[in-house]
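What follows is final26.cif (mmCIF, C-alpha atoms).
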```
data_data
#
loop_
_atom_site.group_PDB
_atom_site.id
_atom_site.type_symbol
_atom_site.label_atom_id
_atom_site.label_comp_id
_atom_site.auth_asym_id
_atom_site.auth_seq_id
_atom_site.Cartn_x
_atom_site.Cartn_y
_atom_site.Cartn_z
ATOM 1 C CA MET A 1 -2.173 20.047 -24.327
ATOM 2 C CA SER A 2 -3.196 16.407 -24.568
ATOM 3 C CA GLY A 3 -4.964 14.642 -21.704
ATOM 4 C CA ALA A 4 -1.853 12.751 -20.684
ATOM 5 C CA ASP A 5 0.272 15.921 -20.767
ATOM 6 C CA GLY A 6 -2.375 17.660 -18.687
ATOM 7 C CA VAL A 7 -2.211 14.928 -16.067
ATOM 8 C CA SER A 8 1.604 15.074 -16.008
ATOM 9 C CA ALA A 9 1.528 18.852 -15.632
ATOM 10 C CA ARG A 10 -0.924 18.571 -12.762
ATOM 11 C CA MET A 11 1.159 15.888 -11.051
ATOM 12 C CA ARG A 12 4.224 18.121 -11.363
ATOM 13 C CA ALA A 13 2.263 21.048 -9.913
ATOM 14 C CA VAL A 14 1.197 18.892 -6.937
ATOM 15 C CA GLU A 15 4.792 17.784 -6.349
ATOM 16 C CA GLU A 16 5.914 21.419 -6.530
ATOM 17 C CA ALA A 17 3.334 22.404 -3.898
ATOM 18 C CA HIS A 18 4.548 19.529 -1.689
ATOM 19 C CA ARG A 19 8.183 20.570 -2.095
ATOM 20 C CA ALA A 20 7.384 24.281 -1.561
ATOM 21 C CA TYR A 21 5.675 23.388 1.722
ATOM 22 C CA TYR A 22 8.620 21.365 3.005
ATOM 23 C CA ALA A 23 11.119 23.973 1.733
ATOM 24 C CA ALA A 24 9.246 26.634 3.719
ATOM 25 C CA TRP A 25 9.389 24.347 6.764
ATOM 26 C CA GLU A 26 13.134 23.750 6.308
ATOM 27 C CA ARG A 27 13.911 27.480 6.168
ATOM 28 C CA GLY A 28 11.618 28.187 9.136
ATOM 29 C CA ASP A 29 9.179 30.266 7.095
ATOM 30 C CA THR A 30 5.956 29.757 9.039
ATOM 31 C CA ALA A 31 3.992 32.297 6.961
ATOM 32 C CA ALA A 32 4.879 30.580 3.685
ATOM 33 C CA ALA A 33 4.123 27.138 5.126
ATOM 34 C CA THR A 34 0.685 28.093 6.439
ATOM 35 C CA SER A 35 -0.159 29.940 3.192
ATOM 36 C CA LEU A 36 0.193 26.650 1.311
ATOM 37 C CA TRP A 37 -2.872 25.200 3.069
ATOM 38 C CA VAL A 38 -6.390 25.556 1.672
ATOM 39 C CA ASP A 39 -7.985 28.655 3.201
ATOM 40 C CA SER A 40 -10.735 26.718 4.981
ATOM 41 C CA ASP A 41 -11.668 25.557 8.448
ATOM 42 C CA ASP A 42 -11.984 21.959 7.260
ATOM 43 C CA ILE A 43 -8.243 21.384 6.834
ATOM 44 C CA SER A 44 -6.913 18.477 8.909
ATOM 45 C CA CYS A 45 -3.430 17.567 10.077
ATOM 46 C CA THR A 46 -2.208 14.485 11.917
ATOM 47 C CA PHE A 47 1.367 14.589 13.155
ATOM 48 C CA PRO A 48 3.249 11.432 14.154
ATOM 49 C CA GLY A 49 2.301 9.957 17.504
ATOM 50 C CA VAL A 50 -0.624 12.231 18.290
ATOM 51 C CA PRO A 51 -4.323 12.451 17.336
ATOM 52 C CA GLY A 52 -5.180 14.649 14.382
ATOM 53 C CA VAL A 53 -6.493 18.202 14.573
ATOM 54 C CA ILE A 54 -8.972 20.011 12.328
ATOM 55 C CA GLY A 55 -9.348 23.698 11.468
ATOM 56 C CA ARG A 56 -7.059 26.603 10.640
ATOM 57 C CA ARG A 57 -6.289 27.569 14.211
ATOM 58 C CA ALA A 58 -5.439 24.084 15.503
ATOM 59 C CA VAL A 59 -3.558 23.052 12.351
ATOM 60 C CA PHE A 60 -1.535 26.260 12.095
ATOM 61 C CA GLU A 61 -0.653 26.141 15.806
ATOM 62 C CA GLN A 62 0.782 22.646 15.324
ATOM 63 C CA VAL A 63 2.557 23.539 12.102
ATOM 64 C CA VAL A 64 4.147 26.688 13.536
ATOM 65 C CA GLU A 65 5.153 24.864 16.722
ATOM 66 C CA GLY A 66 6.595 22.035 14.624
ATOM 67 C CA ILE A 67 8.600 24.430 12.464
ATOM 68 C CA VAL A 68 10.010 26.236 15.501
ATOM 69 C CA LEU A 69 10.849 22.979 17.326
ATOM 70 C CA THR A 70 12.617 21.451 14.332
ATOM 71 C CA ALA A 71 14.796 24.427 13.333
ATOM 72 C CA GLY A 72 17.561 23.186 11.037
ATOM 73 C CA VAL A 73 15.613 20.120 9.897
ATOM 74 C CA GLN A 74 16.038 18.600 6.449
ATOM 75 C CA PHE A 75 13.578 16.280 4.757
ATOM 76 C CA ILE A 76 14.382 13.503 2.316
ATOM 77 C CA PHE A 77 11.544 11.752 0.524
ATOM 78 C CA GLU A 78 11.320 8.204 -0.809
ATOM 79 C CA ASP A 79 8.727 6.471 -2.925
ATOM 80 C CA LEU A 80 6.829 9.644 -3.750
ATOM 81 C CA ARG A 81 3.577 8.794 -5.540
ATOM 82 C CA ILE A 82 0.969 11.236 -6.789
ATOM 83 C CA VAL A 83 -2.569 10.566 -8.011
ATOM 84 C CA VAL A 84 -4.700 13.391 -9.422
ATOM 85 C CA ARG A 85 -8.483 12.933 -9.608
ATOM 86 C CA GLY A 86 -10.420 16.017 -10.610
ATOM 87 C CA ASP A 87 -9.648 18.838 -8.194
ATOM 88 C CA VAL A 88 -8.197 16.483 -5.571
ATOM 89 C CA ALA A 89 -4.687 15.038 -5.540
ATOM 90 C CA ARG A 90 -3.152 12.512 -3.187
ATOM 91 C CA LEU A 91 0.564 12.368 -2.484
ATOM 92 C CA THR A 92 2.089 9.487 -0.562
ATOM 93 C CA CYS A 93 5.737 9.048 0.393
ATOM 94 C CA VAL A 94 8.125 8.067 3.120
ATOM 95 C CA GLU A 95 9.567 11.164 4.776
ATOM 96 C CA ASN A 96 12.987 10.964 6.397
ATOM 97 C CA VAL A 97 13.471 13.626 9.049
ATOM 98 C CA LEU A 98 17.093 14.726 9.496
ATOM 99 C CA LEU A 99 17.569 16.900 12.563
ATOM 100 C CA PRO A 100 20.703 18.878 13.356
ATOM 101 C CA GLY A 101 23.071 18.177 16.230
ATOM 102 C CA THR A 102 21.730 16.214 19.154
ATOM 103 C CA LEU A 103 18.062 16.782 18.420
ATOM 104 C CA SER A 104 15.879 13.788 17.699
ATOM 105 C CA LEU A 105 12.204 13.158 17.087
ATOM 106 C CA ALA A 106 12.376 10.812 20.078
ATOM 107 C CA GLU A 107 13.009 13.762 22.398
ATOM 108 C CA MET A 108 10.395 15.919 20.743
ATOM 109 C CA VAL A 109 7.484 13.590 20.208
ATOM 110 C CA ASP A 110 8.383 10.260 21.842
ATOM 111 C CA LEU A 111 9.035 8.552 18.536
ATOM 112 C CA PRO A 112 11.978 6.187 18.190
ATOM 113 C CA THR A 113 12.123 6.753 14.451
ATOM 114 C CA SER A 114 12.998 9.443 11.938
ATOM 115 C CA ARG A 115 10.956 7.790 9.164
ATOM 116 C CA LEU A 116 7.368 8.780 8.604
ATOM 117 C CA ALA A 117 4.711 7.403 6.274
ATOM 118 C CA VAL A 118 2.951 10.406 4.737
ATOM 119 C CA THR A 119 -0.434 10.789 3.061
ATOM 120 C CA SER A 120 -1.180 14.350 1.899
ATOM 121 C CA LEU A 121 -4.293 15.482 0.071
ATOM 122 C CA PHE A 122 -4.193 18.606 -2.063
ATOM 123 C CA ARG A 123 -7.043 20.563 -3.613
ATOM 124 C CA ALA A 124 -6.910 22.722 -6.722
ATOM 125 C CA VAL A 125 -7.406 26.380 -5.821
ATOM 126 C CA GLY A 126 -7.396 28.319 -9.082
ATOM 127 C CA ALA A 127 -4.095 27.398 -10.733
ATOM 128 C CA ASP A 128 -2.529 26.290 -7.449
ATOM 129 C CA TRP A 129 -2.615 23.153 -5.359
ATOM 130 C CA ARG A 130 -3.011 23.600 -1.630
ATOM 131 C CA LEU A 131 -2.817 21.181 1.296
ATOM 132 C CA TRP A 132 -6.216 20.061 2.522
ATOM 133 C CA THR A 133 -5.231 17.052 4.649
ATOM 134 C CA HIS A 134 -1.885 15.809 5.942
ATOM 135 C CA HIS A 135 -1.221 12.641 7.902
ATOM 136 C CA ALA A 136 2.288 11.563 8.929
ATOM 137 C CA GLY A 137 2.664 8.384 10.966
ATOM 138 C CA PRO A 138 5.839 6.787 12.319
ATOM 139 C CA VAL A 139 7.396 3.875 10.438
ATOM 140 C CA MET A 140 8.532 1.672 13.290
ATOM 141 C CA GLY A 141 10.109 -1.413 11.776
ATOM 142 C CA ASP A 142 13.207 0.211 10.380
ATOM 143 C CA VAL A 143 14.319 1.429 13.768
ATOM 144 C CA GLU A 144 14.772 -2.103 14.952
ATOM 145 C CA ARG A 145 16.687 -3.096 11.870
ATOM 146 C CA ARG A 146 18.969 -0.109 12.352
ATOM 147 C CA THR A 147 19.767 -0.816 15.969
ATOM 148 C CA GLU A 148 20.252 -4.547 15.593
ATOM 149 C CA MET B 1 -34.110 17.823 -0.112
ATOM 150 C CA SER B 2 -32.487 21.098 0.954
ATOM 151 C CA GLY B 3 -28.746 21.654 0.610
ATOM 152 C CA ALA B 4 -28.108 21.232 4.339
ATOM 153 C CA ASP B 5 -30.185 18.041 4.447
ATOM 154 C CA GLY B 6 -28.268 16.768 1.429
ATOM 155 C CA VAL B 7 -24.962 17.354 3.189
ATOM 156 C CA SER B 8 -26.208 15.611 6.339
ATOM 157 C CA ALA B 9 -27.463 12.648 4.312
ATOM 158 C CA ARG B 10 -24.094 12.363 2.569
ATOM 159 C CA MET B 11 -22.214 12.578 5.858
ATOM 160 C CA ARG B 12 -24.420 9.815 7.265
ATOM 161 C CA ALA B 13 -23.776 7.702 4.165
ATOM 162 C CA VAL B 14 -20.011 8.164 4.591
ATOM 163 C CA GLU B 15 -20.217 7.169 8.258
ATOM 164 C CA GLU B 16 -22.268 4.117 7.275
ATOM 165 C CA ALA B 17 -19.601 3.071 4.746
ATOM 166 C CA HIS B 18 -16.932 3.519 7.424
ATOM 167 C CA ARG B 19 -18.907 1.443 9.948
ATOM 168 C CA ALA B 20 -19.744 -1.227 7.344
ATOM 169 C CA TYR B 21 -16.030 -1.594 6.580
ATOM 170 C CA TYR B 22 -15.045 -2.015 10.212
ATOM 171 C CA ALA B 23 -18.040 -4.304 10.878
ATOM 172 C CA ALA B 24 -16.865 -6.536 8.016
ATOM 173 C CA TRP B 25 -13.376 -6.517 9.558
ATOM 174 C CA GLU B 26 -14.729 -7.414 13.017
ATOM 175 C CA ARG B 27 -16.656 -10.402 11.697
ATOM 176 C CA GLY B 28 -13.713 -11.535 9.578
ATOM 177 C CA ASP B 29 -15.516 -10.983 6.268
ATOM 178 C CA THR B 30 -12.604 -10.285 3.934
ATOM 179 C CA ALA B 31 -14.790 -10.237 0.803
ATOM 180 C CA ALA B 32 -17.140 -7.609 2.237
ATOM 181 C CA ALA B 33 -14.218 -5.514 3.513
ATOM 182 C CA THR B 34 -12.383 -5.452 0.190
ATOM 183 C CA SER B 35 -15.625 -4.770 -1.718
ATOM 184 C CA LEU B 36 -15.947 -1.494 0.182
ATOM 185 C CA TRP B 37 -12.845 -0.074 -1.517
ATOM 186 C CA VAL B 38 -13.021 1.872 -4.774
ATOM 187 C CA ASP B 39 -12.497 -0.546 -7.666
ATOM 188 C CA SER B 40 -9.271 1.114 -8.848
ATOM 189 C CA ASP B 41 -5.544 0.524 -8.792
ATOM 190 C CA ASP B 42 -4.934 3.946 -7.259
ATOM 191 C CA ILE B 43 -6.292 3.025 -3.811
ATOM 192 C CA SER B 44 -3.761 3.509 -1.018
ATOM 193 C CA CYS B 45 -3.527 2.112 2.493
ATOM 194 C CA THR B 46 -1.078 2.906 5.273
ATOM 195 C CA PHE B 47 -1.237 0.675 8.339
ATOM 196 C CA PRO B 48 0.326 1.692 11.661
ATOM 197 C CA GLY B 49 4.104 1.428 11.852
ATOM 198 C CA VAL B 50 4.760 0.547 8.223
ATOM 199 C CA PRO B 51 5.070 2.429 4.921
ATOM 200 C CA GLY B 52 1.915 2.740 2.840
ATOM 201 C CA VAL B 53 1.016 0.561 -0.141
ATOM 202 C CA ILE B 54 -0.829 1.432 -3.345
ATOM 203 C CA GLY B 55 -2.967 -0.665 -5.669
ATOM 204 C CA ARG B 56 -5.648 -3.328 -5.303
ATOM 205 C CA ARG B 57 -3.291 -6.254 -4.924
ATOM 206 C CA ALA B 58 -1.007 -4.726 -2.284
ATOM 207 C CA VAL B 59 -3.850 -3.080 -0.368
ATOM 208 C CA PHE B 60 -6.078 -6.163 -0.356
ATOM 209 C CA GLU B 61 -3.170 -8.403 0.702
ATOM 210 C CA GLN B 62 -2.578 -6.161 3.726
ATOM 211 C CA VAL B 63 -6.273 -5.876 4.546
ATOM 212 C CA VAL B 64 -6.904 -9.631 4.316
ATOM 213 C CA GLU B 65 -3.769 -10.387 6.339
ATOM 214 C CA GLY B 66 -4.830 -7.789 8.923
ATOM 215 C CA ILE B 67 -8.315 -9.265 9.204
ATOM 216 C CA VAL B 68 -6.964 -12.785 9.644
ATOM 217 C CA LEU B 69 -4.335 -11.702 12.193
ATOM 218 C CA THR B 70 -6.802 -9.747 14.316
ATOM 219 C CA ALA B 71 -9.612 -12.313 14.519
ATOM 220 C CA GLY B 72 -11.947 -11.351 17.350
ATOM 221 C CA VAL B 73 -10.980 -7.669 17.257
ATOM 222 C CA GLN B 74 -13.405 -4.896 18.186
ATOM 223 C CA PHE B 75 -13.047 -1.263 17.224
ATOM 224 C CA ILE B 76 -14.225 1.736 19.209
ATOM 225 C CA PHE B 77 -14.072 5.169 17.607
ATOM 226 C CA GLU B 78 -13.655 8.569 19.208
ATOM 227 C CA ASP B 79 -13.869 12.069 17.793
ATOM 228 C CA LEU B 80 -15.260 10.954 14.462
ATOM 229 C CA ARG B 81 -15.349 13.896 12.039
ATOM 230 C CA ILE B 82 -16.580 13.841 8.454
ATOM 231 C CA VAL B 83 -16.185 16.467 5.730
ATOM 232 C CA VAL B 84 -17.853 16.011 2.327
ATOM 233 C CA ARG B 85 -16.581 18.025 -0.628
ATOM 234 C CA GLY B 86 -18.099 17.115 -3.964
ATOM 235 C CA ASP B 87 -17.490 13.433 -4.640
ATOM 236 C CA VAL B 88 -14.758 13.165 -1.991
ATOM 237 C CA ALA B 89 -15.268 12.755 1.736
ATOM 238 C CA ARG B 90 -12.722 12.734 4.520
ATOM 239 C CA LEU B 91 -13.286 10.903 7.794
ATOM 240 C CA THR B 92 -10.945 11.380 10.735
ATOM 241 C CA CYS B 93 -11.154 9.669 14.111
ATOM 242 C CA VAL B 94 -9.210 7.950 16.836
ATOM 243 C CA GLU B 95 -9.575 4.180 16.520
ATOM 244 C CA ASN B 96 -9.245 2.028 19.637
ATOM 245 C CA VAL B 97 -8.275 -1.533 18.816
ATOM 246 C CA LEU B 98 -9.542 -4.090 21.331
ATOM 247 C CA LEU B 99 -8.007 -7.509 20.786
ATOM 248 C CA PRO B 100 -9.186 -10.709 22.446
ATOM 249 C CA GLY B 101 -7.241 -12.676 25.016
ATOM 250 C CA THR B 102 -3.511 -12.243 25.083
ATOM 251 C CA LEU B 103 -3.168 -10.742 21.638
ATOM 252 C CA SER B 104 -1.785 -7.230 21.328
ATOM 253 C CA LEU B 105 -0.845 -4.900 18.519
ATOM 254 C CA ALA B 106 2.613 -4.824 20.080
ATOM 255 C CA GLU B 107 3.143 -8.491 19.205
ATOM 256 C CA MET B 108 1.695 -8.113 15.746
ATOM 257 C CA VAL B 109 3.181 -4.902 14.476
ATOM 258 C CA ASP B 110 5.643 -3.666 17.113
ATOM 259 C CA LEU B 111 3.343 -0.942 18.354
ATOM 260 C CA PRO B 112 3.096 -0.242 22.074
ATOM 261 C CA THR B 113 -0.371 1.256 21.656
ATOM 262 C CA SER B 114 -3.912 0.248 20.820
ATOM 263 C CA ARG B 115 -4.906 3.774 19.798
ATOM 264 C CA LEU B 116 -4.618 4.857 16.185
ATOM 265 C CA ALA B 117 -5.139 8.209 14.506
ATOM 266 C CA VAL B 118 -7.128 7.547 11.332
ATOM 267 C CA THR B 119 -7.600 9.550 8.146
ATOM 268 C CA SER B 120 -9.828 7.852 5.561
ATOM 269 C CA LEU B 121 -10.842 9.289 2.196
ATOM 270 C CA PHE B 122 -13.989 8.067 0.493
ATOM 271 C CA ARG B 123 -15.182 8.637 -3.052
ATOM 272 C CA ALA B 124 -18.758 8.636 -4.268
ATOM 273 C CA VAL B 125 -19.380 5.657 -6.569
ATOM 274 C CA GLY B 126 -22.950 5.930 -7.793
ATOM 275 C CA ALA B 127 -25.058 6.111 -4.644
ATOM 276 C CA ASP B 128 -22.318 4.544 -2.510
ATOM 277 C CA TRP B 129 -19.200 5.791 -0.786
ATOM 278 C CA ARG B 130 -16.099 3.647 -1.110
ATOM 279 C CA LEU B 131 -12.680 3.812 0.525
ATOM 280 C CA TRP B 132 -10.052 5.419 -1.685
ATOM 281 C CA THR B 133 -7.318 6.104 0.879
ATOM 282 C CA HIS B 134 -6.797 4.940 4.450
ATOM 283 C CA HIS B 135 -4.021 5.964 6.812
ATOM 284 C CA ALA B 136 -3.842 4.743 10.426
ATOM 285 C CA GLY B 137 -0.909 5.865 12.558
ATOM 286 C CA PRO B 138 -0.144 4.993 16.184
ATOM 287 C CA VAL B 139 -1.017 7.494 18.921
ATOM 288 C CA MET B 140 1.952 7.145 21.228
ATOM 289 C CA GLY B 141 1.414 9.536 24.131
ATOM 290 C CA ASP B 142 -1.409 7.670 25.805
ATOM 291 C CA VAL B 143 0.665 4.563 26.283
ATOM 292 C CA GLU B 144 3.028 6.371 28.588
ATOM 293 C CA ARG B 145 0.217 7.900 30.573
ATOM 294 C CA ARG B 146 -1.288 4.446 30.988
ATOM 295 C CA THR B 147 1.889 2.809 32.223
ATOM 296 C CA GLU B 148 2.912 5.612 34.598
#
```
Please lay out the structure from this file as structure tokens.
Amino acid sequence: MSGADGVSARMRAVEEAHRAYYAAWERGDTAAATSLWVDSDDISCTFPGVPGVIGRRAVFEQVVEGIVLTAGVQFIFEDLRIVVRGDVARLTCVENVLLPGTLSLAEMVDLPTSRLAVTSLFRAVGADWRLWTHHAGPVMGDVERRTE
Amino acid sequence: MSGADGVSARMRAVEEAHRAYYAAWERGDTAAATSLWVDSDDISCTFPGVPGVIGRRAVFEQVVEGIVLTAGVQFIFEDLRIVVRGDVARLTCVENVLLPGTLSLAEMVDLPTSRLAVTSLFRAVGADWRLWTHHAGPVMGDVERRTE
């Protein structure tokens, strides 16, 4: 495999890990979602509107709570960009959170937006890529444009 | 130098790079601030309330604009945590943005908060650590507690 093909293959593998994580979240599979994190106490996760947390216990508590709270959610991604550098990969995108029925992120986490700016860092673990760091912050501007 | 001392020294060096960046911002030194980024077009920066941008030109435009807009700003950090893994380091903290006079982040970027959750990634460049990725998202909950 040439160098460029190797990079493409690795970028695809990172995107697959990203999509597997969100697919697990969408189907409410907390075990699958948490298994896609690096098995280490230095993982960090920052959800929209709140300070970040570090460590398996704190991260998994938030992830499981988030999955349970957002049952029926669907995610749509825009502007997905992946950079691979050695055994670290960075994925950035805008995440659109579609909740069923009358649910809204505003009720859940005091955010008047369903758009999030995401930065996720993955690490190579054997042949797999696992989440090491995730930060999702609210994109505020679009809300105003929508309601105008 | 023992392994543990080496890790401590690297963590201190990462914190120094972080503080040098914010010190440059506080004194309005756009050249110093941009020089503390990795010299690469894969740098990414996500400021509070807006989607992230990638690449020197887009990142530096935002950084320079941010520095100019927030003249007189002071930053206070809480819960600063650093993890070094090989040539990558992750710094997380809560950043309190103190603006002079009547300025507020609300006027500048539609954010009703001066607290930001920060995730910064640094890369080792020779003996230095440089910013590779920065994501600052608004912490919303505290605003409500303050205004209650």
Practice task
Starting from the displayed file, determine the output of the PyMOL selection byres ((chain B) within 7 of (chain A)) and express the residue list as a list in words.
Solution key: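 After applying the PyMOL selection byres ((chain B) within 7 of (chain A)), what remains is Gly49, Val50, Pro51, Gly52, Val94, Ala117, Gly137, Pro138, Val139, Met140 and Gly141 of chain B.
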Keeping only C-alpha atoms, write the selected residues as an mmCIF file, in the coordinates of the input.
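Once written, selection-v2.cif looks like this:
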```
data_model
loop_
_atom_site.group_PDB
_atom_site.id
_atom_site.type_symbol
_atom_site.label_atom_id
_atom_site.label_comp_id
_atom_site.auth_asym_id
_atom_site.auth_seq_id
_atom_site.Cartn_x
_atom_site.Cartn_y
_atom_site.Cartn_z
ATOM 1 C CA GLY B 49 4.104 1.428 11.852
ATOM 2 C CA VAL B 50 4.760 0.547 8.223
ATOM 3 C CA PRO B 51 5.070 2.429 4.921
ATOM 4 C CA GLY B 52 1.915 2.740 2.840
ATOM 5 C CA VAL B 94 -9.210 7.950 16.836
ATOM 6 C CA ALA B 117 -5.139 8.209 14.506
ATOM 7 C CA GLY B 137 -0.909 5.865 12.558
ATOM 8 C CA PRO B 138 -0.144 4.993 16.184
ATOM 9 C CA VAL B 139 -1.017 7.494 18.921
ATOM 10 C CA MET B 140 1.952 7.145 21.228
ATOM 11 C CA GLY B 141 1.414 9.536 24.131
#
```
Give chain B as a CSV table (one decimal) with C-alpha atoms, in the coordinates of the input once it has been least-squares superposed onto chain A over every C-alpha atom, paired in order.
```csv
chain,number,residue,atom,x,y,z
B,1,MET,CA,-2.2,20.2,-24.3
B,2,SER,CA,-3.2,16.5,-24.6
B,3,GLY,CA,-5.0,14.7,-21.7
B,4,ALA,CA,-1.9,12.8,-20.7
B,5,ASP,CA,0.3,16.0,-20.8
B,6,GLY,CA,-2.4,17.7,-18.7
B,7,VAL,CA,-2.2,14.9,-16.1
B,8,SER,CA,1.6,15.1,-16.0
B,9,ALA,CA,1.5,18.9,-15.6
B,10,ARG,CA,-0.9,18.6,-12.8
B,11,MET,CA,1.1,15.9,-11.1
B,12,ARG,CA,4.2,18.1,-11.4
B,13,ALA,CA,2.3,21.1,-9.9
B,14,VAL,CA,1.2,18.9,-6.9
B,15,GLU,CA,4.8,17.8,-6.4
B,16,GLU,CA,5.9,21.4,-6.5
B,17,ALA,CA,3.3,22.4,-3.9
B,18,HIS,CA,4.5,19.5,-1.7
B,19,ARG,CA,8.2,20.6,-2.1
B,20,ALA,CA,7.4,24.3,-1.6
B,21,TYR,CA,5.7,23.4,1.7
B,22,TYR,CA,8.6,21.4,3.0
B,23,ALA,CA,11.1,24.0,1.7
B,24,ALA,CA,9.2,26.6,3.7
B,25,TRP,CA,9.4,24.3,6.7
B,26,GLU,CA,13.1,23.7,6.3
B,27,ARG,CA,13.9,27.5,6.2
B,28,GLY,CA,11.6,28.2,9.1
B,29,ASP,CA,9.2,30.3,7.1
B,30,THR,CA,6.0,29.8,9.0
B,31,ALA,CA,4.0,32.3,6.9
B,32,ALA,CA,4.9,30.6,3.7
B,33,ALA,CA,4.1,27.1,5.1
B,34,THR,CA,0.7,28.1,6.4
B,35,SER,CA,-0.2,29.9,3.2
B,36,LEU,CA,0.2,26.7,1.3
B,37,TRP,CA,-2.9,25.2,3.1
B,38,VAL,CA,-6.4,25.6,1.7
B,39,ASP,CA,-8.0,28.6,3.2
B,40,SER,CA,-10.7,26.7,5.0
B,41,ASP,CA,-11.7,25.5,8.5
B,42,ASP,CA,-12.0,21.9,7.3
B,43,ILE,CA,-8.2,21.4,6.8
B,44,SER,CA,-6.9,18.5,8.9
B,45,CYS,CA,-3.4,17.6,10.1
B,46,THR,CA,-2.2,14.5,11.9
B,47,PHE,CA,1.4,14.6,13.1
B,48,PRO,CA,3.3,11.4,14.1
B,49,GLY,CA,2.3,9.9,17.5
B,50,VAL,CA,-0.6,12.2,18.3
B,51,PRO,CA,-4.3,12.4,17.3
B,52,GLY,CA,-5.2,14.6,14.4
B,53,VAL,CA,-6.5,18.2,14.6
B,54,ILE,CA,-9.0,20.0,12.3
B,55,GLY,CA,-9.4,23.7,11.5
B,56,ARG,CA,-7.1,26.6,10.6
B,57,ARG,CA,-6.3,27.6,14.2
B,58,ALA,CA,-5.4,24.1,15.5
B,59,VAL,CA,-3.6,23.0,12.4
B,60,PHE,CA,-1.5,26.2,12.1
B,61,GLU,CA,-0.6,26.1,15.8
B,62,GLN,CA,0.8,22.6,15.3
B,63,VAL,CA,2.6,23.5,12.1
B,64,VAL,CA,4.1,26.7,13.5
B,65,GLU,CA,5.2,24.9,16.7
B,66,GLY,CA,6.6,22.0,14.6
B,67,ILE,CA,8.6,24.4,12.5
B,68,VAL,CA,10.0,26.2,15.5
B,69,LEU,CA,10.8,23.0,17.3
B,70,THR,CA,12.6,21.5,14.3
B,71,ALA,CA,14.8,24.4,13.3
B,72,GLY,CA,17.6,23.2,11.0
B,73,VAL,CA,15.6,20.1,9.9
B,74,GLN,CA,16.0,18.6,6.4
B,75,PHE,CA,13.6,16.3,4.7
B,76,ILE,CA,14.4,13.5,2.3
B,77,PHE,CA,11.5,11.8,0.5
B,78,GLU,CA,11.3,8.2,-0.8
B,79,ASP,CA,8.7,6.5,-3.0
B,80,LEU,CA,6.8,9.6,-3.8
B,81,ARG,CA,3.6,8.8,-5.5
B,82,ILE,CA,1.0,11.2,-6.8
B,83,VAL,CA,-2.6,10.6,-8.0
B,84,VAL,CA,-4.7,13.4,-9.4
B,85,ARG,CA,-8.5,12.9,-9.6
B,86,GLY,CA,-10.4,16.0,-10.6
B,87,ASP,CA,-9.7,18.8,-8.2
B,88,VAL,CA,-8.2,16.5,-5.6
B,89,ALA,CA,-4.7,15.0,-5.5
B,90,ARG,CA,-3.2,12.5,-3.2
B,91,LEU,CA,0.6,12.4,-2.5
B,92,THR,CA,2.1,9.5,-0.6
B,93,CYS,CA,5.7,9.1,0.4
B,94,VAL,CA,8.1,8.1,3.1
B,95,GLU,CA,9.6,11.2,4.8
B,96,ASN,CA,13.0,11.0,6.4
B,97,VAL,CA,13.5,13.6,9.0
B,98,LEU,CA,17.1,14.7,9.5
B,99,LEU,CA,17.6,16.9,12.5
B,100,PRO,CA,20.7,18.9,13.3
B,101,GLY,CA,23.1,18.2,16.2
B,102,THR,CA,21.7,16.2,19.1
B,103,LEU,CA,18.1,16.8,18.4
B,104,SER,CA,15.9,13.8,17.7
B,105,LEU,CA,12.2,13.2,17.1
B,106,ALA,CA,12.4,10.8,20.1
B,107,GLU,CA,13.0,13.8,22.4
B,108,MET,CA,10.4,15.9,20.8
B,109,VAL,CA,7.5,13.6,20.2
B,110,ASP,CA,8.4,10.3,21.8
B,111,LEU,CA,9.0,8.6,18.5
B,112,PRO,CA,12.0,6.2,18.2
B,113,THR,CA,12.1,6.8,14.4
B,114,SER,CA,13.0,9.4,11.9
B,115,ARG,CA,11.0,7.8,9.1
B,116,LEU,CA,7.4,8.8,8.6
B,117,ALA,CA,4.7,7.4,6.3
B,118,VAL,CA,3.0,10.4,4.7
B,119,THR,CA,-0.4,10.8,3.1
B,120,SER,CA,-1.2,14.3,1.9
B,121,LEU,CA,-4.3,15.5,0.1
B,122,PHE,CA,-4.2,18.6,-2.1
B,123,ARG,CA,-7.1,20.6,-3.6
B,124,ALA,CA,-6.9,22.7,-6.7
B,125,VAL,CA,-7.4,26.4,-5.8
B,126,GLY,CA,-7.4,28.3,-9.1
B,127,ALA,CA,-4.1,27.4,-10.7
B,128,ASP,CA,-2.5,26.3,-7.5
B,129,TRP,CA,-2.6,23.2,-5.4
B,130,ARG,CA,-3.0,23.6,-1.6
B,131,LEU,CA,-2.8,21.2,1.3
B,132,TRP,CA,-6.2,20.1,2.5
B,133,THR,CA,-5.2,17.1,4.6
B,134,HIS,CA,-1.9,15.8,5.9
B,135,HIS,CA,-1.2,12.6,7.9
B,136,ALA,CA,2.3,11.6,8.9
B,137,GLY,CA,2.7,8.4,11.0
B,138,PRO,CA,5.9,6.8,12.3
B,139,VAL,CA,7.4,3.9,10.4
B,140,MET,CA,8.5,1.7,13.3
B,141,GLY,CA,10.2,-1.4,11.7
B,142,ASP,CA,13.3,0.3,10.4
B,143,VAL,CA,14.3,1.4,13.9
B,144,GLU,CA,14.8,-2.1,15.1
B,145,ARG,CA,16.7,-3.1,12.0
B,146,ARG,CA,19.0,-0.1,12.6
B,147,THR,CA,19.7,-0.9,16.2
B,148,GLU,CA,20.2,-4.7,15.8
```
Practice task
Kindly indicate which residue among B:Leu80, B:Arg123, B:Trp132, B:Phe75 lies nearest to Thr34 (chain B), using only C-alpha atoms for the distances.
Solution key: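 Looking only at the distances to Thr34 (chain B), the closest residue turns out to be B:Trp132.
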Exercise for the section: Expand the PyMOL selection byres ((chain A and resi 13) around 12) into the individual residues it matches in the shown file, reporting them as a PyMOL selection string. Expected result: chain A and resi 6-12+14-20+82-84+89+91+122-125+127-130
